[in-house]
$ cat protein.cif   # mmCIF, C-alpha atoms
data_final
loop_
_atom_site.label_atom_id
_atom_site.label_comp_id
_atom_site.auth_asym_id
_atom_site.auth_seq_id
_atom_site.Cartn_x
_atom_site.Cartn_y
_atom_site.Cartn_z
CA MET A 256 -45.59 53.71 -72.19
CA ALA A 257 -44.50 50.81 -69.98
CA ARG A 258 -42.75 49.25 -72.96
CA LEU A 259 -40.71 52.41 -73.49
CA PHE A 260 -39.72 52.25 -69.86
CA TYR A 261 -37.94 48.95 -70.46
CA LEU A 262 -35.84 50.63 -73.16
CA LEU A 263 -34.48 53.09 -70.61
CA PRO A 264 -31.51 50.95 -69.42
CA LEU A 265 -30.52 50.25 -73.02
CA SER A 266 -30.67 53.90 -74.01
CA LEU A 267 -28.71 54.92 -70.91
CA PHE A 268 -26.13 52.30 -71.79
CA LEU A 269 -25.88 53.61 -75.34
CA LEU A 270 -25.49 57.17 -74.09
CA LEU A 271 -22.67 56.12 -71.78
CA GLY A 272 -21.13 54.13 -74.61
CA ILE A 273 -21.07 57.18 -76.87
CA TYR A 274 -19.64 59.30 -74.05
CA PHE A 275 -16.82 56.84 -73.36
CA ALA A 276 -16.12 56.27 -77.05
CA ALA A 277 -15.68 60.02 -77.48
CA GLY A 278 -13.36 59.99 -74.48
CA LEU A 279 -11.19 57.32 -76.07
CA THR A 280 -10.44 59.55 -79.02
CA ARG A 281 -8.80 62.12 -76.77
CA ASP A 282 -5.07 62.04 -76.16
CA PRO A 283 -4.47 61.44 -72.44
CA SER A 284 -1.03 63.02 -72.59
CA LEU A 285 -2.60 66.40 -73.34
CA ILE A 286 -3.08 67.73 -69.87
CA PRO A 287 -4.63 71.19 -69.98
CA SER A 288 -2.11 73.70 -68.70
CA VAL A 289 -3.24 75.74 -65.72
CA LEU A 290 -0.61 78.30 -66.59
CA LEU A 291 -2.34 79.51 -69.75
CA ASN A 292 -2.77 83.29 -69.74
CA LYS A 293 -0.70 83.52 -66.59
CA PRO A 294 2.71 85.16 -66.37
CA ALA A 295 5.57 82.79 -67.11
CA PRO A 296 7.23 81.59 -63.91
CA SER A 297 10.25 83.56 -62.83
CA PHE A 298 13.57 81.82 -63.26
CA ASP A 299 17.20 82.64 -63.78
CA LEU A 300 19.10 79.85 -65.47
CA LEU A 301 22.86 79.58 -65.91
CA PRO A 302 24.35 79.12 -69.38
CA ILE A 303 25.02 75.59 -70.58
CA GLU A 304 28.61 74.52 -70.97
CA GLY A 305 30.51 76.51 -73.58
CA TYR A 306 27.98 79.36 -73.68
CA GLU A 307 28.27 82.78 -72.08
CA ASP A 308 24.67 83.83 -71.68
CA GLY A 309 22.09 82.12 -69.57
CA PHE A 310 18.37 82.61 -69.85
CA SER A 311 16.10 84.26 -67.31
CA SER A 312 12.45 85.29 -67.20
CA GLN A 313 13.67 88.88 -67.62
CA ASP A 314 14.43 88.01 -71.23
CA LEU A 315 10.76 87.36 -71.90
CA SER A 316 9.41 90.86 -72.15
CA ASP A 317 8.70 93.16 -75.11
CA GLU A 318 8.49 90.48 -77.71
CA VAL A 319 6.50 87.40 -78.61
CA THR A 320 8.82 84.44 -78.05
CA LEU A 321 8.86 80.68 -78.08
CA VAL A 322 10.30 78.86 -75.11
CA ASN A 323 11.32 75.34 -76.04
CA ILE A 324 12.11 72.58 -73.57
CA PHE A 325 14.75 70.27 -75.01
CA ALA A 326 17.30 67.68 -73.97
CA SER A 327 20.02 65.67 -75.66
CA TRP A 328 18.42 62.43 -74.43
CA CYS A 329 15.09 63.31 -75.99
CA ILE A 330 14.44 61.57 -79.31
CA SER A 331 11.41 63.66 -80.23
CA CYS A 332 13.52 66.80 -79.80
CA GLN A 333 15.75 65.54 -82.56
CA ILE A 334 12.69 65.08 -84.76
CA GLU A 335 11.56 68.61 -83.97
CA HIS A 336 15.00 70.13 -84.42
CA PRO A 337 14.97 70.87 -88.19
CA MET A 338 11.76 72.87 -87.68
CA LEU A 339 13.40 75.01 -85.02
CA MET A 340 16.47 75.47 -87.23
CA GLU A 341 14.21 76.69 -89.99
CA LEU A 342 12.49 79.17 -87.68
CA ALA A 343 15.88 80.43 -86.58
CA ALA A 344 17.04 80.76 -90.19
CA GLN A 345 13.95 82.78 -91.08
CA GLY A 346 14.58 84.97 -88.06
CA ASP A 347 10.85 85.13 -87.60
CA ILE A 348 10.65 84.72 -83.87
CA PRO A 349 13.17 84.37 -81.05
CA VAL A 350 13.31 80.78 -79.89
CA MET A 351 14.59 80.37 -76.35
CA GLY A 352 15.81 77.02 -75.12
CA ILE A 353 15.61 75.40 -71.73
CA ASN A 354 18.01 72.48 -71.58
CA TRP A 355 16.13 70.10 -69.35
CA LYS A 356 17.89 67.60 -67.07
CA ASP A 357 20.97 67.12 -69.18
CA LYS A 358 24.39 66.18 -67.88
CA PRO A 359 26.94 69.01 -68.09
CA GLY A 360 28.20 69.28 -71.65
CA ASP A 361 25.60 66.96 -73.19
CA GLY A 362 23.34 69.82 -74.24
CA SER A 363 26.03 71.84 -75.94
CA ALA A 364 27.50 68.75 -77.63
CA TRP A 365 24.05 67.94 -78.98
CA LEU A 366 23.63 71.49 -80.32
CA LYS A 367 27.05 71.32 -81.91
CA ARG A 368 26.04 68.19 -83.74
CA HIS A 369 22.56 69.28 -84.83
CA GLY A 370 22.87 73.06 -84.98
CA ASP A 371 21.80 75.70 -82.50
CA PRO A 372 18.49 77.47 -83.23
CA TYR A 373 18.25 79.21 -79.89
CA THR A 374 18.60 82.91 -79.14
CA LEU A 375 19.26 82.17 -75.49
CA ILE A 376 19.68 78.90 -73.63
CA GLY A 377 19.35 78.18 -69.95
CA ASP A 378 20.61 75.12 -68.14
CA ASP A 379 17.86 73.48 -66.10
CA ALA A 380 19.93 70.58 -64.81
CA ASN A 381 17.75 69.82 -61.78
CA GLY A 382 14.50 70.27 -63.70
CA ARG A 383 13.05 72.80 -61.29
CA THR A 384 12.24 75.46 -63.88
CA ALA A 385 10.55 72.84 -66.03
CA ILE A 386 8.38 71.90 -63.07
CA ASP A 387 7.48 75.58 -62.63
CA PHE A 388 6.34 75.53 -66.26
CA GLY A 389 4.28 72.41 -65.60
CA VAL A 390 6.36 70.41 -68.05
CA THR A 391 5.56 66.71 -68.33
CA GLY A 392 8.01 65.76 -71.06
CA ALA A 393 10.24 67.04 -73.79
CA PRO A 394 9.83 68.64 -76.20
CA GLU A 395 7.32 71.18 -75.03
CA THR A 396 7.04 74.67 -76.41
CA PHE A 397 5.41 77.69 -74.84
CA VAL A 398 4.25 80.77 -76.71
CA ILE A 399 4.96 83.82 -74.55
CA ASP A 400 3.29 87.13 -75.37
CA LYS A 401 4.67 90.66 -75.18
CA ASN A 402 3.76 90.92 -71.52
CA GLY A 403 5.58 87.73 -70.65
CA ARG A 404 2.41 85.69 -70.28
CA ILE A 405 2.04 82.07 -71.39
CA ARG A 406 -0.43 81.91 -74.26
CA TYR A 407 -0.08 78.39 -75.54
CA LYS A 408 1.58 75.13 -74.70
CA GLN A 409 2.59 72.75 -77.44
CA VAL A 410 3.20 69.25 -76.13
CA GLY A 411 5.41 67.19 -78.42
CA PRO A 412 7.37 68.27 -81.47
CA ILE A 413 6.37 71.31 -83.49
CA THR A 414 5.68 69.86 -86.90
CA PRO A 415 5.62 72.12 -89.98
CA GLN A 416 1.85 71.66 -89.96
CA ILE A 417 1.46 72.67 -86.34
CA TRP A 418 3.63 75.72 -86.96
CA ARG A 419 1.65 76.73 -90.04
CA ASP A 420 -1.83 76.08 -88.72
CA ILE A 421 -1.60 76.90 -85.02
CA LEU A 422 1.54 78.61 -83.86
CA LYS A 423 2.27 81.00 -86.69
CA PRO A 424 -1.23 82.52 -86.82
CA MET A 425 -1.20 82.79 -83.04
CA VAL A 426 2.18 84.50 -82.97
CA GLU A 427 1.01 86.98 -85.62
CA ASP A 428 -2.17 87.68 -83.67
CA LEU A 429 -0.23 88.24 -80.50
CA ARG A 430 2.14 90.61 -82.26
CA ASP A 431 -0.60 92.71 -83.78
CA ALA A 432 -3.04 92.53 -80.94
CA ASP A 433 -3.22 95.07 -78.26
CA VAL A 434 -2.27 92.52 -75.63
CA GLU A 435 -4.79 93.83 -73.12
CA ASN A 436 -7.65 93.16 -75.48
CA PHE A 437 -6.54 89.78 -76.69
CA SER A 438 -9.22 87.34 -75.76
CA GLY A 439 -7.38 84.34 -74.49
CA SER A 440 -9.19 81.19 -73.56
CA ASP A 441 -9.75 82.33 -70.00
CA ASP A 442 -12.85 80.25 -69.61
CA VAL A 443 -10.86 77.05 -69.97
CA LEU A 444 -8.97 77.79 -66.81
CA ASP A 445 -11.82 79.21 -64.89
CA GLY A 446 -12.59 78.26 -61.37
CA ASN A 447 -10.36 75.28 -60.75
CA HIS A 448 -7.26 77.01 -59.55
CA THR A 449 -6.17 77.55 -56.01
CA ASP A 450 -4.67 80.92 -55.38
CA ASN A 451 -1.02 81.62 -54.80
CA GLY A 452 0.37 79.45 -52.08
CA PRO A 453 3.44 80.61 -50.24
CA GLY A 454 5.57 78.49 -52.51
CA THR A 455 5.41 80.88 -55.44
CA SER A 456 7.67 83.47 -53.92
CA SER A 457 10.59 81.12 -53.46
CA MET B 26 4.20 32.75 -40.28
CA MET B 27 7.55 34.41 -40.74
CA PHE B 28 7.68 32.93 -44.19
CA LEU B 29 4.34 34.51 -44.96
CA THR B 30 5.46 37.91 -43.73
CA ALA B 31 8.55 37.63 -45.86
CA ILE B 32 6.47 36.83 -48.93
CA ILE B 33 4.16 39.76 -48.26
CA GLN B 34 7.13 42.02 -47.95
CA ILE B 35 8.73 40.76 -51.12
CA THR B 36 5.56 40.90 -53.17
CA GLY B 37 4.25 44.13 -51.67
CA PRO B 38 3.82 47.21 -53.86
CA ALA B 39 7.01 48.28 -55.55
CA GLN B 40 8.65 51.25 -53.93
CA ALA B 41 10.29 53.80 -56.14
CA VAL B 42 11.62 55.98 -53.36
CA GLU B 43 15.39 55.78 -53.42
CA PRO B 44 17.51 55.80 -50.27
CA ASP B 45 19.10 59.16 -51.03
CA GLU B 46 15.69 60.82 -51.19
CA ILE B 47 14.60 59.79 -47.72
CA LEU B 48 14.59 62.56 -45.15
CA SER B 49 16.38 62.04 -41.85
CA ASP B 50 13.39 63.49 -40.03
CA SER B 51 11.04 60.52 -39.89
CA VAL B 52 7.95 62.65 -39.20
CA LEU B 53 8.54 64.75 -42.30
CA GLU B 54 9.39 61.63 -44.30
CA ALA B 55 6.09 60.04 -43.28
CA ARG B 56 4.23 63.17 -44.37
CA ALA B 57 6.16 63.18 -47.65
CA ARG B 58 5.19 59.55 -48.29
CA GLU B 59 1.57 60.28 -47.49
CA LEU B 60 1.54 63.29 -49.85
CA SER B 61 3.37 61.40 -52.59
CA ARG B 62 0.64 58.79 -52.62
CA GLN B 63 -1.95 61.46 -53.38
CA LEU B 64 0.01 62.97 -56.26
CA ARG B 65 -0.25 61.70 -59.77
CA CYS B 66 2.85 61.07 -61.80
CA VAL B 67 2.14 63.27 -64.80
CA VAL B 68 4.21 61.10 -67.12
CA CYS B 69 2.95 57.62 -66.22
CA GLN B 70 -0.51 58.82 -65.48
CA SER B 71 -2.07 56.00 -63.53
CA GLN B 72 0.66 55.83 -60.92
CA ASN B 73 1.30 58.05 -57.96
CA ILE B 74 4.73 59.62 -57.62
CA ASP B 75 5.54 57.41 -54.65
CA ASP B 76 5.32 54.31 -56.85
CA SER B 77 6.67 55.69 -60.08
CA ASN B 78 10.20 55.26 -61.33
CA ALA B 79 9.91 58.09 -63.87
CA PRO B 80 12.63 60.74 -63.50
CA LEU B 81 9.99 63.46 -63.26
CA ALA B 82 8.31 61.60 -60.41
CA LYS B 83 11.63 61.53 -58.59
CA ASP B 84 12.00 65.29 -59.12
CA LEU B 85 8.52 65.82 -57.73
CA ARG B 86 9.24 63.60 -54.70
CA LEU B 87 12.34 65.65 -54.02
CA LEU B 88 10.34 68.83 -54.45
CA VAL B 89 7.68 67.65 -51.99
CA ARG B 90 10.39 66.89 -49.42
CA GLU B 91 12.08 70.21 -50.03
CA ARG B 92 8.84 72.10 -49.46
CA LEU B 93 8.17 70.16 -46.26
CA VAL B 94 11.64 70.87 -44.95
CA ALA B 95 11.08 74.55 -45.79
CA GLY B 96 8.11 74.41 -43.42
CA ASP B 97 5.16 74.12 -45.80
CA SER B 98 1.96 72.53 -44.56
CA ASP B 99 0.55 69.56 -46.47
CA ASP B 100 -2.04 71.81 -48.11
CA GLN B 101 0.62 74.27 -49.16
CA VAL B 102 2.66 71.53 -50.83
CA ILE B 103 -0.41 70.30 -52.67
CA SER B 104 -1.40 73.76 -53.88
CA TYR B 105 2.20 74.43 -54.96
CA LEU B 106 1.90 71.50 -57.35
CA VAL B 107 -1.68 72.23 -58.38
CA GLU B 108 -0.55 75.72 -59.42
CA ARG B 109 1.86 74.14 -61.85
CA TYR B 110 0.16 70.97 -63.02
CA GLY B 111 -3.48 71.69 -62.31
CA ASP B 112 -5.99 69.50 -60.51
CA TYR B 113 -4.78 66.75 -62.77
CA VAL B 114 -1.86 66.15 -60.41
CA LEU B 115 -4.29 65.09 -57.68
CA LEU B 116 -5.31 61.45 -57.81
CA LYS B 117 -8.46 62.25 -55.87
CA PRO B 118 -10.32 65.07 -57.58
CA PRO B 119 -11.38 67.87 -55.22
CA VAL B 120 -15.07 68.60 -54.73
CA GLN B 121 -15.69 71.83 -56.59
CA ARG B 122 -17.97 73.32 -59.20
CA ASN B 123 -16.63 71.44 -62.21
CA THR B 124 -16.42 68.09 -60.40
CA LEU B 125 -19.86 68.30 -58.79
CA PHE B 126 -21.36 65.99 -61.38
CA LEU B 127 -18.56 63.49 -60.86
CA TRP B 128 -19.11 63.36 -57.12
CA ALA B 129 -22.90 63.47 -57.34
CA ALA B 130 -23.12 60.75 -60.00
CA PRO B 131 -22.96 57.74 -57.59
CA ILE B 132 -25.62 59.24 -55.33
CA PHE B 133 -27.72 59.99 -58.38
CA ALA B 134 -27.22 56.45 -59.72
CA VAL B 135 -28.21 54.82 -56.41
CA GLY B 136 -31.22 57.14 -56.17
CA ALA B 137 -32.29 56.28 -59.71
CA ALA B 138 -31.88 52.55 -59.05
CA GLY B 139 -33.95 52.91 -55.86
CA ALA B 140 -36.69 54.71 -57.74
CA VAL B 141 -36.78 52.03 -60.44
CA ALA B 142 -36.84 49.26 -57.80
CA ALA B 143 -39.65 50.96 -55.88
CA PHE B 144 -41.65 51.37 -59.07
CA TYR B 145 -41.10 47.73 -60.03
CA PHE B 146 -42.00 46.25 -56.66
CA ARG B 147 -45.11 48.38 -56.32
CA ARG B 148 -46.28 47.20 -59.72
CA THR B 149 -45.68 43.50 -59.07
CA ALA B 150 -47.40 43.84 -55.68
CA LYS B 151 -50.42 45.34 -57.40
CA ALA B 152 -50.36 42.67 -60.10
CA THR B 153 -50.36 39.80 -57.59
CA ALA B 154 -53.17 41.44 -55.69
CA GLN B 155 -55.29 41.47 -58.82
CA THR B 156 -54.66 37.86 -59.67
CA ALA B 157 -55.83 36.38 -56.39
CA LEU B 158 -57.74 33.14 -56.97
CA SER B 159 -61.38 33.42 -57.81
CA ASP B 160 -64.01 31.30 -56.02
CA ASP B 161 -64.27 29.09 -59.07
CA GLU B 162 -60.54 28.39 -59.10
CA LYS B 163 -60.55 27.68 -55.37
CA SER B 164 -63.28 25.11 -55.70
CA ARG B 165 -61.43 23.45 -58.57
CA ILE B 166 -58.28 23.18 -56.49
CA ASP B 167 -60.24 21.81 -53.58
CA LYS B 168 -61.70 19.24 -55.89
CA MET B 169 -58.27 18.21 -57.22
CA LEU B 170 -56.81 17.90 -53.76
CA GLY B 171 -59.80 15.81 -52.90
#
$ encode --input "protein.cif" --output "structure tokens"
Amino acid sequence: MARLFYLLPLSLFLLLGIYFAAGLTRDPSLIPSVLLNKPAPSFDLLPIEGYEDGFSSQDLSDEVTLVNIFASWCISCQIEHPMLMELAAQGDIPVMGINWKDKPGDGSAWLKRHGDPYTLIGDDANGRTAIDFGVTGAPETFVIDKNGRIRYKQVGPITPQIWRDILKPMVEDLRDADVENFSGSDDVLDGNHTDNGPGTSS
Amino acid sequence: MMFLTAIIQITGPAQAVEPDEILSDSVLEARARELSRQLRCVVCQSQNIDDSNAPLAKDLRLLVRERLVAGDSDDQVISYLVERYGDYVLLKPPVQRNTLFLWAAPIFAVGAAGAVAAFYFRRTAKATAQTALSDDEKSRIDKMLG
């Protein structure tokens, strides 16, 4: 019995080791979004240069949509771009764009060069709407359901694999599902959220 | 001495706050600096936004100042950001249900160490008590010491 007792520090150490090793395999840039299953923030963005329509949160009802954060200075956005072009060509789902922190004209020039997959584009030059979405970098893509609620946040480019395995099935589910009954991952967000501060109404 | 002060000032922590961000109201600016030090830069994750040169950190610094100017309390500014970025934006995790283990762990560890120490010392005390010299050994020592 006493012998076993001396093994206690070693076994505790091993346990901790396993715990930390598991932690190392996780991607630290994946910050869980507190906005999941919450209504998308309200915003009303002006059109980017050369476009007539802007993009506001009013445009996010009735239909399942993707909201994509992009910028001309963002290299990964360029990598993601062909995927978005393909989605637009298929006409499968409206893809909305938020042009994040671009200089006037840069966004539209970039779209001219690479093609424009977006149904609507808003100009978020000061980055405030992106902050409301909890954006940490571009590209990020949000899946918005029929009720205008955020259902998923994709950090980094949408690859064909991510579209096929995660986003497409989710979009189809959200389309078919009676939105009220859709069981989102509410438990993930449980309990660690402070309620609406006065800031939200601004 | 002045030389030393100069060196400390030169080599002190890098400041990312740019002159155009600084509020004219020095009380609000001081509060903004204090808050910025508690907020994590979500891009460069081990820095606070006061130290970080990331563009997003700058946006968040400006946002903090804007909220303060609009009359928000410190807590309101913090919760404004927590609503968007989650508890992750706080460098010091709040004490709440899902962080209870985190906060209790040091107390638990010290308690466990104390228990082990108490157990160990009691046992060695008992062991020495049992191995007190017998009469035979005492007489042998006496003999050796003459």
$ closest_residue --input "protein.cif" --among "B:Met169, B:Leu53, B:Val42, B:Val135" --to "Leu85 of chain B" --atoms "all atoms listed in the file"
B:Val42
$ closest_residue --input "protein.cif" --among "A:Asp347, A:Asp428, A:Asp400, A:Asp387" --to "chain B" --atoms "only C-alpha atoms"
A:Asp387
$ interface_residues --input "protein.cif" --of "chain B" --to "chain A" --cutoff "7 Å" --atoms "all atoms listed in the file" --output "list in words"
Val67, Val68, Gln101, Ser104, Tyr105, Glu108, Arg109, Tyr110 and Gly111 of chain B
$ write_last_selection --input "protein.cif" --atoms "C-alpha atoms" --output "PDB file, in the frame of the given file"
ATOM      1  CA  VAL B  67       2.140  63.270 -64.800  1.00  0.00           C
ATOM      2  CA  VAL B  68       4.210  61.100 -67.120  1.00  0.00           C
ATOM      3  CA  GLN B 101       0.620  74.270 -49.160  1.00  0.00           C
ATOM      4  CA  SER B 104      -1.400  73.760 -53.880  1.00  0.00           C
ATOM      5  CA  TYR B 105       2.200  74.430 -54.960  1.00  0.00           C
ATOM      6  CA  GLU B 108      -0.550  75.720 -59.420  1.00  0.00           C
ATOM      7  CA  ARG B 109       1.860  74.140 -61.850  1.00  0.00           C
ATOM      8  CA  TYR B 110       0.160  70.970 -63.020  1.00  0.00           C
ATOM      9  CA  GLY B 111      -3.480  71.690 -62.310  1.00  0.00           C
TER      10      GLY B 111
END
$ residues_near_point --input "protein.cif" --point "(20.2, 81.2, -86.6)" --cutoff "8 Å" --atoms "all atoms listed in the file" --output "VMD selection string"
chain A and resid 340 343 to 346 371 to 374
$ closest_residue --input "protein.cif" --among "B:Ser159, B:Thr149, B:Pro118, B:Ser61" --to "Leu88 of chain B" --atoms "only C-alpha atoms"
B:Ser61
$ decode --input "protein.cif" --residues "segment 389-399 of chain A" --atoms "all heavy atoms" --output "mmCIF file, in the first residue's frame"
data_model
loop_
_atom_site.group_PDB
_atom_site.id
_atom_site.type_symbol
_atom_site.label_atom_id
_atom_site.label_comp_id
_atom_site.auth_asym_id
_atom_site.auth_seq_id
_atom_site.Cartn_x
_atom_site.Cartn_y
_atom_site.Cartn_z
ATOM 1 N N GLY A 389 -17.825 39.553 -33.736
ATOM 2 C CA GLY A 389 -16.776 38.843 -33.018
ATOM 3 C C GLY A 389 -15.689 38.319 -33.942
ATOM 4 O O GLY A 389 -15.074 37.297 -33.665
ATOM 5 N N VAL A 390 -15.450 39.036 -35.022
ATOM 6 C CA VAL A 390 -14.470 38.582 -36.006
ATOM 7 C C VAL A 390 -13.046 38.789 -35.477
ATOM 8 O O VAL A 390 -12.742 39.810 -34.873
ATOM 9 C CB VAL A 390 -14.658 39.369 -37.324
ATOM 10 C CG1 VAL A 390 -13.456 39.214 -38.234
ATOM 11 C CG2 VAL A 390 -15.918 38.896 -38.036
ATOM 12 N N THR A 391 -12.193 37.794 -35.684
ATOM 13 C CA THR A 391 -10.802 37.939 -35.269
ATOM 14 C C THR A 391 -9.863 38.005 -36.459
ATOM 15 O O THR A 391 -8.706 38.336 -36.310
ATOM 16 C CB THR A 391 -10.363 36.773 -34.370
ATOM 17 O OG1 THR A 391 -10.542 35.558 -35.101
ATOM 18 C CG2 THR A 391 -11.192 36.710 -33.111
ATOM 19 N N GLY A 392 -10.349 37.664 -37.639
ATOM 20 C CA GLY A 392 -9.496 37.710 -38.817
ATOM 21 C C GLY A 392 -10.312 37.374 -40.045
ATOM 22 O O GLY A 392 -11.450 36.929 -39.932
ATOM 23 N N ALA A 393 -9.724 37.597 -41.197
ATOM 24 C CA ALA A 393 -10.425 37.260 -42.426
ATOM 25 C C ALA A 393 -9.689 36.087 -43.076
ATOM 26 O O ALA A 393 -8.464 35.992 -42.947
ATOM 27 C CB ALA A 393 -10.463 38.457 -43.367
ATOM 28 N N PRO A 394 -10.362 35.204 -43.805
ATOM 29 C CA PRO A 394 -11.824 35.197 -43.947
ATOM 30 C C PRO A 394 -12.524 34.487 -42.790
ATOM 31 O O PRO A 394 -11.959 33.577 -42.207
ATOM 32 C CB PRO A 394 -12.015 34.392 -45.233
ATOM 33 C CG PRO A 394 -10.870 33.436 -45.261
ATOM 34 C CD PRO A 394 -9.725 34.141 -44.589
ATOM 35 N N GLU A 395 -13.701 34.944 -42.497
ATOM 36 C CA GLU A 395 -14.576 34.213 -41.589
ATOM 37 C C GLU A 395 -15.944 34.172 -42.249
ATOM 38 O O GLU A 395 -16.321 35.108 -42.947
ATOM 39 C CB GLU A 395 -14.669 34.909 -40.225
ATOM 40 C CG GLU A 395 -13.545 34.522 -39.292
ATOM 41 C CD GLU A 395 -13.686 35.102 -37.894
ATOM 42 O OE1 GLU A 395 -14.822 35.434 -37.494
ATOM 43 O OE2 GLU A 395 -12.668 35.232 -37.216
ATOM 44 N N THR A 396 -16.634 33.069 -42.042
ATOM 45 C CA THR A 396 -17.941 32.931 -42.677
ATOM 46 C C THR A 396 -18.969 32.483 -41.646
ATOM 47 O O THR A 396 -18.711 31.576 -40.861
ATOM 48 C CB THR A 396 -17.885 31.907 -43.825
ATOM 49 O OG1 THR A 396 -16.828 32.287 -44.712
ATOM 50 C CG2 THR A 396 -19.193 31.878 -44.580
ATOM 51 N N PHE A 397 -20.098 33.168 -41.636
ATOM 52 C CA PHE A 397 -21.162 32.827 -40.710
ATOM 53 C C PHE A 397 -22.328 32.211 -41.470
ATOM 54 O O PHE A 397 -22.695 32.687 -42.545
ATOM 55 C CB PHE A 397 -21.647 34.081 -39.977
ATOM 56 C CG PHE A 397 -20.586 34.697 -39.113
ATOM 57 C CD1 PHE A 397 -19.665 35.590 -39.655
ATOM 58 C CD2 PHE A 397 -20.481 34.363 -37.773
ATOM 59 C CE1 PHE A 397 -18.672 36.151 -38.864
ATOM 60 C CE2 PHE A 397 -19.492 34.922 -36.977
ATOM 61 C CZ PHE A 397 -18.587 35.816 -37.524
ATOM 62 N N VAL A 398 -22.889 31.151 -40.913
ATOM 63 C CA VAL A 398 -24.116 30.583 -41.468
ATOM 64 C C VAL A 398 -25.280 31.198 -40.686
ATOM 65 O O VAL A 398 -25.331 31.093 -39.462
ATOM 66 C CB VAL A 398 -24.138 29.045 -41.319
ATOM 67 C CG1 VAL A 398 -25.437 28.487 -41.880
ATOM 68 C CG2 VAL A 398 -22.949 28.422 -42.024
ATOM 69 N N ILE A 399 -26.165 31.870 -41.416
ATOM 70 C CA ILE A 399 -27.302 32.541 -40.778
ATOM 71 C C ILE A 399 -28.580 31.789 -41.149
ATOM 72 O O ILE A 399 -28.787 31.483 -42.326
ATOM 73 C CB ILE A 399 -27.416 34.002 -41.274
ATOM 74 C CG1 ILE A 399 -26.056 34.703 -41.249
ATOM 75 C CG2 ILE A 399 -28.469 34.761 -40.486
ATOM 76 C CD1 ILE A 399 -25.575 35.132 -39.913
#
